[in-house]
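Q: Pasting structure10.csv here (CSV, C-alpha atoms):
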chain,number,residue,atom,x,y,z
A,19,MET,CA,-55.4,-19.3,18.7
A,20,THR,CA,-53.1,-22.2,17.7
A,21,THR,CA,-52.2,-25.4,19.4
A,22,ARG,CA,-50.0,-28.3,18.4
A,23,GLY,CA,-50.2,-32.1,18.6
A,24,VAL,CA,-49.1,-35.4,17.2
A,25,LEU,CA,-50.7,-37.8,14.7
A,26,TYR,CA,-49.7,-41.4,15.2
A,27,VAL,CA,-50.7,-43.7,12.4
A,28,HIS,CA,-50.0,-47.0,14.2
A,29,SER,CA,-50.9,-49.3,11.3
A,30,ALA,CA,-52.2,-48.9,7.8
A,31,PRO,CA,-52.1,-51.2,4.8
A,32,ARG,CA,-49.7,-50.0,2.2
A,33,ALA,CA,-52.5,-49.1,-0.3
A,34,LEU,CA,-54.1,-46.8,2.4
A,35,CYS,CA,-50.9,-44.8,3.1
A,36,PRO,CA,-51.3,-42.3,0.2
A,37,HIS,CA,-55.0,-41.8,1.2
A,38,VAL,CA,-54.0,-41.0,4.8
A,39,GLU,CA,-51.5,-38.4,3.4
A,40,TRP,CA,-54.2,-36.8,1.2
A,41,ALA,CA,-56.7,-36.7,4.1
A,42,VAL,CA,-54.2,-35.1,6.5
A,43,ALA,CA,-53.1,-32.6,3.7
A,44,GLY,CA,-56.8,-31.7,3.3
A,45,VAL,CA,-57.1,-30.8,7.0
A,46,LEU,CA,-53.7,-29.0,7.3
A,47,GLY,CA,-53.9,-27.2,4.0
A,48,VAL,CA,-50.3,-28.2,3.0
A,49,ARG,CA,-48.9,-31.0,1.0
A,50,VAL,CA,-48.1,-34.0,3.3
A,51,THR,CA,-45.6,-36.7,2.7
A,52,LEU,CA,-45.1,-39.0,5.7
A,53,ASP,CA,-42.1,-41.2,6.4
A,54,TRP,CA,-43.7,-44.6,6.4
A,55,ILE,CA,-41.9,-47.5,8.1
A,56,LYS,CA,-42.9,-51.1,8.5
A,57,GLN,CA,-45.0,-51.9,11.6
A,58,PRO,CA,-43.6,-55.0,13.2
A,59,ALA,CA,-46.6,-55.5,15.5
A,60,ALA,CA,-48.8,-56.2,12.4
A,61,PRO,CA,-46.8,-57.6,9.5
A,62,GLY,CA,-47.9,-56.1,6.1
A,63,THR,CA,-48.8,-52.8,7.6
A,64,TRP,CA,-47.0,-49.4,7.9
A,65,ARG,CA,-46.7,-46.7,10.5
A,66,ALA,CA,-45.9,-43.0,10.5
A,67,GLU,CA,-46.1,-40.1,12.9
A,68,PHE,CA,-45.6,-36.4,12.8
A,69,SER,CA,-46.1,-33.3,14.9
A,70,TRP,CA,-48.5,-30.6,13.7
A,71,GLN,CA,-49.4,-27.1,14.6
A,72,GLY,CA,-52.7,-25.5,13.7
A,73,GLU,CA,-55.9,-23.9,14.9
A,74,VAL,CA,-57.8,-25.2,18.0
A,75,GLY,CA,-60.0,-28.0,16.6
A,76,THR,CA,-57.4,-29.4,14.2
A,77,ALA,CA,-57.1,-32.7,16.2
A,78,SER,CA,-60.9,-33.3,15.8
A,79,LYS,CA,-60.7,-32.5,12.1
A,80,LEU,CA,-57.8,-35.0,11.6
A,81,ALA,CA,-59.6,-37.7,13.6
A,82,SER,CA,-62.8,-37.1,11.5
A,83,ALA,CA,-60.8,-37.3,8.3
A,84,LEU,CA,-59.3,-40.6,9.2
A,85,ARG,CA,-62.1,-42.3,11.2
A,86,GLY,CA,-63.9,-44.0,8.2
A,87,TRP,CA,-61.1,-46.4,7.3
A,88,HIS,CA,-61.7,-49.7,8.9
A,89,LEU,CA,-58.1,-51.1,8.6
A,90,LEU,CA,-56.5,-48.0,10.2
A,91,ARG,CA,-55.2,-47.7,13.7
A,92,PHE,CA,-54.3,-44.1,14.8
A,93,GLU,CA,-54.2,-41.6,17.6
A,94,VAL,CA,-54.3,-37.8,17.4
A,95,THR,CA,-53.4,-35.6,20.3
A,96,ALA,CA,-53.6,-31.8,20.8
A,97,GLU,CA,-52.0,-29.9,23.6
A,98,PRO,CA,-54.0,-27.6,25.8
A,99,CYS,CA,-53.7,-23.9,25.1
A,100,ALA,CA,-55.0,-20.6,26.5
A,101,THR,CA,-58.4,-21.1,25.0
A,102,ALA,CA,-59.0,-24.8,25.0
A,103,GLU,CA,-58.2,-28.0,26.9
A,104,GLY,CA,-56.2,-30.7,25.2
A,105,GLU,CA,-57.6,-33.6,23.3
A,106,ARG,CA,-56.9,-37.2,22.5
A,107,TYR,CA,-58.5,-39.4,19.9
A,108,SER,CA,-57.8,-43.1,19.5
A,109,SER,CA,-59.2,-45.3,16.8
A,110,THR,CA,-59.0,-49.1,16.2
A,111,PRO,CA,-60.8,-51.3,13.7
A,112,ASP,CA,-62.6,-53.2,16.4
A,113,LEU,CA,-63.4,-50.5,18.9
A,114,GLY,CA,-64.0,-47.5,16.6
A,115,ILE,CA,-63.1,-44.0,17.9
A,116,PHE,CA,-62.5,-42.8,21.5
A,117,HIS,CA,-62.3,-39.1,22.4
A,118,ALA,CA,-61.0,-37.6,25.7
A,119,VAL,CA,-60.5,-34.1,26.9
A,120,THR,CA,-57.1,-33.7,28.6
A,121,GLY,CA,-55.8,-31.2,31.1
A,122,MET,CA,-52.6,-29.4,31.2
A,123,HIS,CA,-50.8,-32.3,32.8
A,124,GLY,CA,-52.2,-34.9,30.4
A,125,ASP,CA,-54.9,-36.2,32.7
A,126,ILE,CA,-58.2,-37.3,31.1
A,127,LEU,CA,-61.0,-34.9,32.3
A,128,ILE,CA,-64.3,-36.7,32.4
A,129,PRO,CA,-67.5,-34.6,32.3
A,130,GLU,CA,-69.8,-35.1,35.2
A,131,ASP,CA,-72.8,-36.1,33.1
A,132,ARG,CA,-70.7,-39.0,31.7
A,133,LEU,CA,-69.8,-40.1,35.2
A,134,ARG,CA,-73.4,-39.9,36.3
A,135,ALA,CA,-74.5,-42.0,33.3
A,136,ALA,CA,-71.8,-44.6,34.1
A,137,LEU,CA,-73.0,-44.7,37.7
A,138,ALA,CA,-76.6,-45.2,36.6
A,139,ARG,CA,-75.7,-48.0,34.2
A,140,SER,CA,-73.8,-49.7,37.0
A,141,ALA,CA,-76.6,-49.2,39.6
A,142,ARG,CA,-79.1,-50.7,37.1
A,143,GLY,CA,-76.9,-53.8,36.8
A,144,GLU,CA,-76.1,-53.2,33.1
A,145,SER,CA,-72.4,-53.2,33.7
A,146,GLU,CA,-69.7,-53.1,36.4
A,147,LEU,CA,-68.6,-49.7,37.6
A,148,GLU,CA,-65.0,-50.6,37.1
A,149,ALA,CA,-65.7,-51.5,33.4
A,150,GLU,CA,-67.6,-48.2,32.9
A,151,ILE,CA,-64.7,-46.2,34.3
A,152,ALA,CA,-62.2,-48.1,32.2
A,153,LYS,CA,-64.2,-47.1,29.1
A,154,LEU,CA,-64.3,-43.5,30.2
A,155,LEU,CA,-60.5,-43.5,30.5
A,156,GLY,CA,-60.0,-45.2,27.1
A,157,LYS,CA,-58.5,-48.4,28.6
A,158,PRO,CA,-59.8,-50.7,25.9
A,159,TRP,CA,-58.2,-48.5,23.2
A,160,ASP,CA,-55.0,-48.3,25.2
A,161,ASP,CA,-54.9,-52.1,25.6
A,162,GLU,CA,-55.3,-52.6,21.9
A,163,LEU,CA,-52.9,-49.9,20.8
A,164,GLU,CA,-50.1,-50.5,23.3
A,165,PRO,CA,-48.3,-53.2,21.2
A,166,PHE,CA,-48.4,-50.8,18.2
A,167,ARG,CA,-47.1,-47.9,20.3
A,168,TYR,CA,-44.2,-49.9,21.6
A,169,ALA,CA,-43.2,-51.1,18.1
A,170,GLY,CA,-43.0,-47.4,17.0
A,171,GLU,CA,-40.3,-46.3,19.5
A,172,GLY,CA,-37.5,-44.5,17.8
A,173,ALA,CA,-39.6,-43.7,14.7
A,174,PRO,CA,-38.9,-40.5,12.8
A,175,VAL,CA,-41.1,-37.5,13.6
A,176,ARG,CA,-41.8,-34.6,11.1
A,177,TRP,CA,-43.2,-31.2,12.1
A,178,LEU,CA,-46.0,-29.8,9.9
A,179,HIS,CA,-47.7,-26.5,10.2
A,180,GLN,CA,-51.2,-25.6,9.2
A,181,VAL,CA,-51.6,-22.8,6.7
A,182,VAL,CA,-53.7,-20.1,8.4
Please go through the file and, once you have read it, give me the structure as structure tokens.
A:
Amino acid sequence: MTTRGVLYVHSAPRALCPHVEWAVAGVLGVRVTLDWIKQPAAPGTWRAEFSWQGEVGTASKLASALRGWHLLRFEVTAEPCATAEGERYSSTPDLGIFHAVTGMHGDILIPEDRLRAALARSARGESELEAEIAKLLGKPWDDELEPFRYAGEGAPVRWLHQVV
């Protein structure tokens, strides 16, 4: 079964750009050349995005391939398909990586055990329930990435297909 999604590299230092292409190529099994443009939200960094098509699980492989680079901000999404829910990965240097399962309308689906754990931490006074829910929904990542998303409006998109 195949799915499709989008990789958004929100900001990367110039020296890291070819390494991002190599990592993505390693996951997709095809040569990758991204159209890099300057990222106005963080002078001295570059951004790129492209749509991909591949097997279910490709989004997690892309996120894993990119997650180790501290100076990289990125998001990977995968659409739901007949055999799997959708996914969203967000990563920032300060927050690390966030993963969410998404439904067919793009809503984040939170597993009940994660909700119970958030309620328990709140009940023990370790945190506020509102803050726990915000983390489950990825709000800290959204807050940090939003200026980079806005700066990328109108950027070129390239379709890539995984070799199966």
Q: With distances taken over all atoms listed in the file, which of A:Asp160, A:Asp53, A:Glu130, A:Glu148 is nearest to Leu113 (chain A)?
A: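 Looking only at the distances to Leu113 (chain A), the closest residue turns out to be A:Asp160.
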Q: Go through A:Val119, A:Val74, A:Ala30, A:Leu80 one by one, measure the shortest atom-to-atom distance of each to Val45 (chain A) using all atoms listed in the file, and give the residue with the smallest value.
A: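 Checking each candidate against Val45 (chain A), we get A:Leu80 as the closest.
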Q: Compare A:Gly75, A:Pro158, A:Gly23, A:Pro36 by their minimum atom-to-atom distance to Glu93 (chain A), counting only C-alpha atoms, and give me the closest one.
A: A:Gly23
Q: Would you work out the distance separating CA of Thr21 (chain A) from CA of Glu105 (chain A), expressed in Å to one decimal?
A: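 If I compute the distance from CA of Thr21 (chain A) to CA of Glu105 (chain A), I get 10.6 Å.
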Q: Quick one: residues within 9 Å of Glu39 (chain A), all atoms listed in the file, excluding same-chain residues fewer than 6 positions away - as a list in words?
A: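 Listing them by chain and then by number gives Arg49, Val50, Thr51 and Leu52 of chain A.
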Q: Have a look at A:Arg32, A:His123, A:Arg106, A:Lys79 and name the one nearest to Thr63 (chain A); count only C-alpha atoms.
A: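 For Thr63 (chain A), the nearest of the given residues is A:Arg32.
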Q: Rank nothing, just name the residue among A:Ala59, A:Leu34, A:Leu133, A:Leu25 nearest to His88 (chain A), using all atoms listed in the file.
A: A:Leu34
Q: I want to know what sits within 12 Å of Ser78 (chain A), based on only C-alpha atoms, with residues of the same chain fewer than 5 positions away left out; could you give that as a list in words?
A: Gly23, Leu25, Val42, Val45, Leu46, Gly72, Glu73, Ala83, Leu84, Arg85, Glu93, Val94, Thr95, Ala96, Gly104, Glu105, Arg106, Tyr107, Ser108, Ile115, Phe116, His117, Ala118 and Val119 of chain A
Q: Between A:Arg132, A:Arg139, A:Arg22, A:Lys157, which one has atoms that come closest to Ala102 (chain A), using only C-alpha atoms?
A: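 Residue with the minimum atom-to-atom distance to Ala102 (chain A): A:Arg22.
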Q: Go ahead and compute the interatomic distance for CA of Glu67 (chain A) and CA of Val27 (chain A), in Å to one decimal.
A: 5.9 Å
Q: Please indicate the distance in Å from CA of Gly62 (chain A) to CA of Phe92 (chain A), rounded to one decimal place.
A: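 Taking CA of Gly62 (chain A) and CA of Phe92 (chain A), their separation equals 16.1 Å.
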Q: Name all residues at most 10 Å from Ala136 (chain A) (count only C-alpha atoms; drop same-chain ones fewer than 2 positions away) and give them as a list of chain:residue names.
A: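 In the requested format, the answer is A:Glu130, A:Asp131, A:Arg132, A:Leu133, A:Arg134, A:Ala138, A:Arg139, A:Ser140, A:Ala141, A:Arg142, A:Glu144, A:Ser145, A:Glu146, A:Leu147, A:Glu148, A:Ala149, A:Glu150, A:Ile151, A:Lys153, A:Leu154.
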Q: Find the residues around Ala60 (chain A) up to 12 Å (all atoms listed in the file counted), leave out those fewer than 4 positions away in its own chain, and share them as a ChimeraX atom specification.
A: /A:28-32,55-56,64-65,89-91,163,165-167,169-170
Q: For the point (-53.0, -19.3, 22.8) in the file's frame, write as a compact mmCIF listing (two decimals) with C-alpha atoms, in the frame of the given file all residues with an atom no more than 7 Å away, counting all atoms listed in the file.
A:
# COMPACT_ATOMS: atom_id res chain seq x y z
CA MET A 19 -55.40 -19.30 18.70
CA THR A 20 -53.10 -22.20 17.70
CA CYS A 99 -53.70 -23.90 25.10
CA ALA A 100 -55.00 -20.60 26.50
CA THR A 101 -58.40 -21.10 25.00
